[in-house]
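Okay, protein_18.cif is below, mmCIF, C-alpha atoms and all ligand atoms; chains and numbers go by the auth columns:
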```cif
data_work
loop_
_atom_site.group_PDB
_atom_site.id
_atom_site.type_symbol
_atom_site.label_atom_id
_atom_site.label_comp_id
_atom_site.label_asym_id
_atom_site.label_seq_id
_atom_site.Cartn_x
_atom_site.Cartn_y
_atom_site.Cartn_z
_atom_site.B_iso_or_equiv
_atom_site.auth_seq_id
_atom_site.auth_asym_id
ATOM 1 C CA MET A 1 -2.973 39.914 -7.068 0.00 297 Y
ATOM 2 C CA LEU A 2 -5.000 37.877 -4.620 0.00 298 Y
ATOM 3 C CA VAL A 3 -8.319 36.361 -5.577 0.00 299 Y
ATOM 4 C CA TRP A 4 -10.773 34.070 -3.899 0.00 300 Y
ATOM 5 C CA GLU A 5 -11.742 31.221 -6.116 0.00 301 Y
ATOM 6 C CA ASN A 6 -13.612 28.022 -5.597 0.00 302 Y
ATOM 7 C CA TYR A 7 -11.414 25.008 -5.319 0.00 303 Y
ATOM 8 C CA SER A 8 -12.348 22.324 -7.790 0.00 304 Y
ATOM 9 C CA HIS A 9 -12.001 19.465 -5.307 0.00 305 Y
ATOM 10 C CA SER A 10 -13.480 19.194 -1.858 0.00 306 Y
ATOM 11 C CA PRO A 11 -11.034 21.016 0.383 0.00 307 Y
ATOM 12 C CA MET A 12 -10.241 19.613 3.791 0.00 308 Y
ATOM 13 C CA ASN A 13 -10.765 21.487 6.993 0.00 309 Y
ATOM 14 C CA ASN A 14 -8.352 19.622 9.177 0.00 310 Y
ATOM 15 C CA ILE A 15 -5.286 17.464 9.141 0.00 311 Y
ATOM 16 C CA VAL A 16 -4.012 14.942 11.676 0.00 312 Y
ATOM 17 C CA PRO A 17 -0.303 14.639 12.475 0.00 313 Y
ATOM 18 C CA GLU A 18 1.268 11.227 12.136 0.00 314 Y
ATOM 19 C CA PHE A 19 4.806 10.806 13.426 0.00 315 Y
ATOM 20 C CA VAL A 20 6.785 8.374 11.331 0.00 316 Y
ATOM 21 C CA GLU A 21 10.391 7.377 10.967 0.00 317 Y
ATOM 22 C CA PHE A 22 10.257 6.915 7.226 0.00 318 Y
ATOM 23 C CA LEU A 23 7.894 8.738 4.959 0.00 319 Y
ATOM 24 C CA PRO A 24 5.450 6.215 3.489 0.00 320 Y
ATOM 25 C CA THR A 25 5.171 5.894 -0.271 0.00 321 Y
ATOM 26 C CA THR A 26 1.395 5.938 -0.193 0.00 322 Y
ATOM 27 C CA LEU A 27 -0.056 8.805 1.726 0.00 323 Y
ATOM 28 C CA GLU A 28 -3.532 9.136 3.143 0.00 324 Y
ATOM 29 C CA GLU A 29 -5.468 12.317 2.707 0.00 325 Y
ATOM 30 C CA GLY A 30 -5.955 14.397 5.815 0.00 326 Y
ATOM 31 C CA LYS A 31 -2.730 13.245 7.422 0.00 327 Y
ATOM 32 C CA LEU A 32 0.448 15.200 7.965 0.00 328 Y
ATOM 33 C CA TYR A 33 3.321 12.747 8.065 0.00 329 Y
ATOM 34 C CA ILE A 34 6.195 14.051 10.143 0.00 330 Y
ATOM 35 C CA SER A 35 9.634 12.490 10.133 0.00 331 Y
ATOM 36 C CA MET A 36 11.852 13.936 12.829 0.00 332 Y
ATOM 37 C CA LYS A 37 14.679 11.760 11.578 0.00 333 Y
ATOM 38 C CA TYR A 38 14.643 13.380 8.164 0.00 334 Y
ATOM 39 C CA CYS A 39 13.348 16.766 9.375 0.00 335 Y
ATOM 40 C CA THR A 40 10.592 16.647 6.804 0.00 336 Y
ATOM 41 C CA ALA A 41 6.851 16.693 6.808 0.00 337 Y
ATOM 42 C CA VAL A 42 4.764 15.499 3.891 0.00 338 Y
ATOM 43 C CA HIS A 43 1.058 15.512 3.187 0.00 339 Y
ATOM 44 C CA LEU A 44 -1.347 15.332 0.288 0.00 340 Y
ATOM 45 C CA CYS A 45 -2.528 18.730 -0.854 0.00 341 Y
ATOM 46 C CA ALA A 46 -5.466 19.730 1.316 0.00 342 Y
ATOM 47 C CA CYS A 47 -7.571 20.700 -1.668 0.00 343 Y
ATOM 48 C CA GLY A 48 -7.992 17.027 -2.478 0.00 344 Y
ATOM 49 C CA CYS A 49 -6.111 17.074 -5.777 0.00 345 Y
ATOM 50 C CA GLY A 50 -3.810 14.317 -4.541 0.00 346 Y
ATOM 51 C CA LYS A 51 -0.546 16.157 -5.066 0.00 347 Y
ATOM 52 C CA ARG A 52 2.205 15.368 -2.599 0.00 348 Y
ATOM 53 C CA VAL A 53 3.399 18.390 -0.673 0.00 349 Y
ATOM 54 C CA VAL A 54 6.827 18.136 0.934 0.00 350 Y
ATOM 55 C CA THR A 55 7.759 20.681 3.579 0.00 351 Y
ATOM 56 C CA PRO A 56 11.354 20.465 4.827 0.00 352 Y
ATOM 57 C CA LEU A 57 11.564 21.380 8.498 0.00 353 Y
ATOM 58 C CA GLN A 58 14.562 23.660 8.633 0.00 354 Y
ATOM 59 C CA PRO A 59 15.336 27.336 9.265 0.00 355 Y
ATOM 60 C CA SER A 60 15.008 28.138 5.565 0.00 356 Y
ATOM 61 C CA GLY A 61 11.952 25.940 5.198 0.00 357 Y
ATOM 62 C CA TRP A 62 9.041 25.376 7.535 0.00 358 Y
ATOM 63 C CA SER A 63 8.813 25.249 11.265 0.00 359 Y
ATOM 64 C CA LEU A 64 6.514 22.853 12.991 0.00 360 Y
ATOM 65 C CA SER A 65 5.137 23.080 16.471 0.00 361 Y
ATOM 66 C CA PHE A 66 3.341 20.288 18.213 0.00 362 Y
ATOM 67 C CA ASP A 67 1.510 20.420 21.517 0.00 363 Y
ATOM 68 C CA GLY A 68 -0.947 17.664 20.752 0.00 364 Y
ATOM 69 C CA LEU A 69 -2.078 19.730 17.795 0.00 365 Y
ATOM 70 C CA VAL A 70 0.163 20.542 14.904 0.00 366 Y
ATOM 71 C CA THR A 71 0.977 23.981 13.492 0.00 367 Y
ATOM 72 C CA LEU A 72 3.114 24.564 10.420 0.00 368 Y
ATOM 73 C CA ARG A 73 4.569 27.920 9.434 0.00 369 Y
ATOM 74 C CA PRO A 74 4.766 29.729 7.075 0.00 370 Y
ATOM 75 C CA SER A 75 1.773 29.050 4.862 0.00 371 Y
ATOM 76 C CA ILE A 76 1.741 26.294 2.275 0.00 372 Y
ATOM 77 C CA GLY A 77 1.417 27.639 -1.226 0.00 373 Y
ATOM 78 C CA ASN A 78 1.128 25.009 -3.911 0.00 374 Y
ATOM 79 C CA PHE A 79 1.508 27.481 -6.715 0.00 375 Y
ATOM 80 C CA GLU A 80 3.424 25.082 -8.906 0.00 376 Y
ATOM 81 C CA TYR A 81 0.410 22.769 -8.973 0.00 377 Y
ATOM 82 C CA PRO A 82 -2.682 23.409 -11.104 0.00 378 Y
ATOM 83 C CA CYS A 83 -4.835 23.789 -7.969 0.00 379 Y
ATOM 84 C CA MET A 84 -2.651 26.622 -6.627 0.00 380 Y
ATOM 85 C CA SER A 85 -3.842 25.891 -3.102 0.00 381 Y
ATOM 86 C CA HIS A 86 -2.734 28.230 -0.376 0.00 382 Y
ATOM 87 C CA TYR A 87 -3.343 27.501 3.270 0.00 383 Y
ATOM 88 C CA PHE A 88 -2.045 27.528 6.804 0.00 384 Y
ATOM 89 C CA ILE A 89 -1.995 24.496 9.047 0.00 385 Y
ATOM 90 C CA THR A 90 -2.845 25.776 12.507 0.00 386 Y
ATOM 91 C CA ASN A 91 -3.717 23.491 15.412 0.00 387 Y
ATOM 92 C CA ASN A 92 -4.656 20.668 13.027 0.00 388 Y
ATOM 93 C CA GLU A 93 -6.889 23.049 11.128 0.00 389 Y
ATOM 94 C CA ILE A 94 -6.567 24.054 7.504 0.00 390 Y
ATOM 95 C CA GLN A 95 -6.992 27.774 7.170 0.00 391 Y
ATOM 96 C CA TRP A 96 -7.591 28.587 3.547 0.00 392 Y
ATOM 97 C CA LEU A 97 -5.942 31.619 2.057 0.00 393 Y
ATOM 98 C CA PRO A 98 -6.614 33.424 -1.187 0.00 394 Y
ATOM 99 C CA LYS A 99 -4.815 32.011 -4.165 0.00 395 Y
ATOM 100 C CA GLU A 100 -1.982 34.095 -5.384 0.00 396 Y
ATOM 101 C CA ILE A 101 -2.149 34.535 -9.101 0.00 397 Y
ATOM 102 C CA VAL A 102 1.314 34.822 -10.496 0.00 398 Y
ATOM 103 C CA MET A 103 1.151 36.740 -13.711 0.00 399 Y
ATOM 104 C CA LYS A 104 3.628 34.934 -15.872 0.00 400 Y
ATOM 105 C CA GLY A 105 5.843 37.209 -17.873 0.00 401 Y
ATOM 106 C CA ASN A 106 4.351 40.344 -16.438 0.00 402 Y
ATOM 107 C CA LYS A 107 6.010 40.083 -13.096 0.00 403 Y
ATOM 108 C CA LYS A 108 9.529 40.652 -14.338 0.00 404 Y
ATOM 109 C CA LYS A 109 8.555 43.592 -16.475 0.00 405 Y
ATOM 110 C CA LYS A 110 6.815 45.305 -13.621 0.00 406 Y
ATOM 111 C CA THR A 111 9.773 44.939 -11.275 0.00 407 Y
ATOM 112 C CA LYS A 112 12.074 46.301 -13.901 0.00 408 Y
ATOM 113 C CA LYS A 113 9.849 49.307 -14.427 0.00 409 Y
ATOM 114 C CA ARG A 114 9.605 49.963 -10.715 0.00 410 Y
ATOM 115 C CA LYS A 115 13.364 49.813 -10.336 0.00 411 Y
ATOM 116 C CA LYS A 116 13.831 52.234 -13.161 0.00 412 Y
ATOM 117 C CA LEU A 117 11.370 54.622 -11.608 0.00 413 Y
ATOM 118 C CA LYS A 118 13.143 54.470 -8.288 0.00 414 Y
ATOM 119 C CA PHE A 119 16.436 55.136 -9.995 0.00 415 Y
ATOM 120 C CA LYS A 120 15.013 58.146 -11.713 0.00 416 Y
ATOM 121 C CA ARG A 121 13.683 59.532 -8.499 0.00 417 Y
ATOM 122 C CA LYS A 122 16.995 59.040 -6.797 0.00 418 Y
ATOM 123 C CA PHE A 123 19.010 60.564 -9.576 0.00 419 Y
ATOM 124 C CA PRO A 124 16.799 63.078 -11.336 0.00 420 Y
ATOM 125 C CA PHE A 125 19.783 64.625 -13.023 0.00 421 Y
ATOM 126 C CA LEU A 126 20.449 61.472 -15.001 0.00 422 Y
ATOM 127 C CA SER A 127 18.419 60.899 -18.089 0.00 423 Y
ATOM 128 C CA ILE A 128 17.442 57.343 -18.660 0.00 424 Y
ATOM 129 C CA GLY A 129 16.393 56.493 -22.085 0.00 425 Y
HETATM 130 ZN ZN ZN B . -4.253 20.736 -4.533 0.00 1 B
#
```

Hey, can you dump this file as structure tokens for me?
Amino acid sequence: MLVWENYSHSPMNNIVPEFVEFLPTTLEEGKLYISMKYCTAVHLCACGCGKRVVTPLQPSGWSLSFDGLVTLRPSIGNFEYPCMSHYFITNNEIQWLPKEIVMKGNKKKKTKKRKKLKFKRKFPFLSIG
């Protein structure tokens, strides 16, 4: 389920790339720290909550393109944080996305049900109790 909700902090509209060798321990808001050496980018959550968001730059992680402006793909979804921010970084701009509400506990049940239904449809001659 996707819902639009107001973010409790003041969300940022843009982020500036900063190429570094080592990732600094204190991060500034509105900056995307990129370490080519460690193939990692890190920034503070764009909602302003101050949470550190680490995005490994690798085939199974994020890909970063830079042509003077920075673009990060796929989207950044901080669903493990209370703010549950969800946004794209495109050409230094933060594009806010709807928060994805993960229904805890319900999700598994639903998938199970769906699978069962599929199974039934595929094998109507089998009775599933
Ligand atoms: Zn946040």

If you take all atoms listed in the file and a cut-off of 7 Å, which residues of chain Y touch ligand ZN 1 (chain B), and what are their nearest atom pairs and distances in Å to one decimal, in chain and number order, as JSON lines?
```
{"residue": "Y:Cys341", "atom": "CA", "partner": "B:ZN1", "partner_atom": "ZN", "distance": 4.5}
{"residue": "Y:Ala342", "atom": "CA", "partner": "B:ZN1", "partner_atom": "ZN", "distance": 6.1}
{"residue": "Y:Cys343", "atom": "CA", "partner": "B:ZN1", "partner_atom": "ZN", "distance": 4.4}
{"residue": "Y:Gly344", "atom": "CA", "partner": "B:ZN1", "partner_atom": "ZN", "distance": 5.7}
{"residue": "Y:Cys345", "atom": "CA", "partner": "B:ZN1", "partner_atom": "ZN", "distance": 4.3}
{"residue": "Y:Gly346", "atom": "CA", "partner": "B:ZN1", "partner_atom": "ZN", "distance": 6.4}
{"residue": "Y:Lys347", "atom": "CA", "partner": "B:ZN1", "partner_atom": "ZN", "distance": 5.9}
{"residue": "Y:Asn374", "atom": "CA", "partner": "B:ZN1", "partner_atom": "ZN", "distance": 6.9}
{"residue": "Y:Tyr377", "atom": "CA", "partner": "B:ZN1", "partner_atom": "ZN", "distance": 6.8}
{"residue": "Y:Cys379", "atom": "CA", "partner": "B:ZN1", "partner_atom": "ZN", "distance": 4.6}
{"residue": "Y:Met380", "atom": "CA", "partner": "B:ZN1", "partner_atom": "ZN", "distance": 6.4}
{"residue": "Y:Ser381", "atom": "CA", "partner": "B:ZN1", "partner_atom": "ZN", "distance": 5.4}
```

Only C-alpha atoms, please: the residues just picked out, written as a short mmCIF file (atom, residue, chain, number, x, y, z; two decimals), in the coordinates of the input.
```cif
data_model
loop_
_atom_site.label_atom_id
_atom_site.label_comp_id
_atom_site.auth_asym_id
_atom_site.auth_seq_id
_atom_site.Cartn_x
_atom_site.Cartn_y
_atom_site.Cartn_z
CA CYS Y 341 -2.53 18.73 -0.85
CA ALA Y 342 -5.47 19.73 1.32
CA CYS Y 343 -7.57 20.70 -1.67
CA GLY Y 344 -7.99 17.03 -2.48
CA CYS Y 345 -6.11 17.07 -5.78
CA GLY Y 346 -3.81 14.32 -4.54
CA LYS Y 347 -0.55 16.16 -5.07
CA ASN Y 374 1.13 25.01 -3.91
CA TYR Y 377 0.41 22.77 -8.97
CA CYS Y 379 -4.84 23.79 -7.97
CA MET Y 380 -2.65 26.62 -6.63
CA SER Y 381 -3.84 25.89 -3.10
#
```

- [ ] Identify all residues satisfying the PyMOL selection byres (((chain Y and resi 317-319) around 9) and not hetatm) in the given file; provide them as a list in words.
- [x]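 Selected by the PyMOL selection byres (((chain Y and resi 317-319) around 9) and not hetatm) in this file: Phe315, Val316, Pro320, Thr321, Thr322, Leu323, Tyr329, Ile330, Ser331, Met332, Lys333, Tyr334, Thr336, Ala337 and Val338 of chain Y.
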
TODO: State, in Å with one decimal place, the distance from atom CA of Asn310 of chain Y to atom CA of His339 of chain Y.
DONE: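 Answer for the atom CA of Asn310 of chain Y to atom CA of His339 of chain Y separation: 11.9 Å.
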
Open item on the list: What does the structure give for the distance between atom CA of Pro370 of chain Y and atom CA of Gly357 of chain Y, in Å to one decimal?
Closed with: 8.3 Å

Open item on the list: So the first atom is atom CA of Pro307 of chain Y and the second is atom CA of Asp363 of chain Y; what is the distance between them in Å, to one decimal place?
Closed with: 24.6 Å

Task: Selection near Gly373 of chain Y, 12 Å with only C-alpha atoms, sequence-local residues under 4 positions removed, as a list in words - done: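 So, after excluding close chain neighbours, the residues are Cys341, Ala342, Cys343, Val349, Val350, Thr351, Trp358, Arg369, Tyr377, Pro378, Cys379, Met380, Ser381, His382, Tyr383, Phe384, Ile385, Gln391, Trp392, Leu393, Pro394, Lys395, Glu396, Ile397 and Val398 of chain Y.
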
- [ ] Report the residues retrieved by the PyMOL selection byres (((chain Y and resi 367) around 6) and not hetatm) from the displayed file, expressed as a PyMOL selection string.
- [x] chain Y and resi 360-361+366+368+385-387
